[in-house]
Amino acid sequence: MLGIFLIGMLLILGRVMGFPRRVTLTMVAVLWLGLLSLSLAAPGSAAAQATGGSAAGWLVLGAVVALVIGYRRLLRRLRAVAAPP
């Protein structure tokens, strides 16, 4: 659960400090990749257990986020096509 807490804190920090959204999301993506690689490299270690356990959970979280981002882009594209000139 520490990993989810760290991701949330990065999102809050990015908002409070006024970072551009792209910078904040890049920081979150780098942290996610680090947590995933830690879970893959040392699956039974205490650090992997403290940050979220298995790599499967992090992969599912990444897939859900990718689906949400893809859906938002699809809606944005459809709205641009449907908007009157």
# chains A, B, ... in the order shown; residues from 1 in each chain; ligands from 1
call {"tool": "select_by_dssp", "arguments": {"residues": "chain A", "states": "alpha helix (DSSP H)", "output": "ChimeraX atom specification"}}
result
/A:2-17,21-41,46-51,55-82
call {"tool": "residues_around", "arguments": {"residues": "Ala50 (chain A)", "least_positions_apart": "6", "cutoff": "12 Å", "atoms": "only C-alpha atoms", "output": "number ranges by chain"}}
result
A: 1-6, 35, 38-39, 42-44
call {"tool": "closest_residue", "arguments": {"among": "A:Ala82, A:Leu13, A:Ala29, A:Leu36", "to": "Val60 (chain A)", "atoms": "only C-alpha atoms"}}
result
A:Leu36
call {"tool": "decode", "arguments": {"residues": "region 16-30 of chain A", "atoms": "N, CA, C and O atoms", "output": "tab-separated table (two decimals), in the first residue's frame"}}
result
chain	number	residue	atom	x	y	z
A	16	VAL	N	-0.17	20.91	-6.02
A	16	VAL	CA	0.13	22.00	-5.08
A	16	VAL	C	1.28	22.88	-5.61
A	16	VAL	O	1.22	24.10	-5.52
A	17	MET	N	2.30	22.23	-6.16
A	17	MET	CA	3.46	22.98	-6.65
A	17	MET	C	3.21	23.63	-8.00
A	17	MET	O	4.03	24.43	-8.45
A	18	GLY	N	2.13	23.28	-8.65
A	18	GLY	CA	1.79	23.90	-9.94
A	18	GLY	C	2.59	23.34	-11.10
A	18	GLY	O	2.79	24.03	-12.09
A	19	PHE	N	3.04	22.09	-10.99
A	19	PHE	CA	3.76	21.48	-12.10
A	19	PHE	C	2.81	21.26	-13.27
A	19	PHE	O	1.62	21.04	-13.08
A	20	PRO	N	3.35	21.29	-14.48
A	20	PRO	CA	2.50	20.92	-15.62
A	20	PRO	C	2.02	19.48	-15.49
A	20	PRO	O	2.71	18.63	-14.90
A	21	ARG	N	0.87	19.20	-16.02
A	21	ARG	CA	0.28	17.87	-15.89
A	21	ARG	C	1.19	16.80	-16.47
A	21	ARG	O	1.32	15.71	-15.92
A	22	ARG	N	1.86	17.11	-17.56
A	22	ARG	CA	2.75	16.14	-18.21
A	22	ARG	C	3.92	15.77	-17.30
A	22	ARG	O	4.32	14.61	-17.23
A	23	VAL	N	4.46	16.75	-16.58
A	23	VAL	CA	5.56	16.48	-15.66
A	23	VAL	C	5.09	15.60	-14.51
A	23	VAL	O	5.77	14.63	-14.13
A	24	THR	N	3.94	15.92	-13.96
A	24	THR	CA	3.40	15.13	-12.85
A	24	THR	C	3.13	13.69	-13.28
A	24	THR	O	3.49	12.74	-12.58
A	25	LEU	N	2.53	13.51	-14.44
A	25	LEU	CA	2.23	12.17	-14.92
A	25	LEU	C	3.50	11.41	-15.27
A	25	LEU	O	3.56	10.19	-15.11
A	26	THR	N	4.53	12.11	-15.73
A	26	THR	CA	5.81	11.46	-15.99
A	26	THR	C	6.43	10.97	-14.69
A	26	THR	O	6.97	9.85	-14.63
A	27	MET	N	6.35	11.77	-13.63
A	27	MET	CA	6.87	11.33	-12.33
A	27	MET	C	6.12	10.11	-11.83
A	27	MET	O	6.73	9.16	-11.32
A	28	VAL	N	4.81	10.10	-12.00
A	28	VAL	CA	4.01	8.95	-11.56
A	28	VAL	C	4.36	7.72	-12.39
A	28	VAL	O	4.49	6.61	-11.85
A	29	ALA	N	4.55	7.89	-13.70
A	29	ALA	CA	4.90	6.76	-14.56
A	29	ALA	C	6.27	6.18	-14.19
A	29	ALA	O	6.43	4.95	-14.17
A	30	VAL	N	7.22	7.03	-13.89
A	30	VAL	CA	8.55	6.55	-13.49
A	30	VAL	C	8.46	5.80	-12.16
A	30	VAL	O	9.08	4.74	-11.99
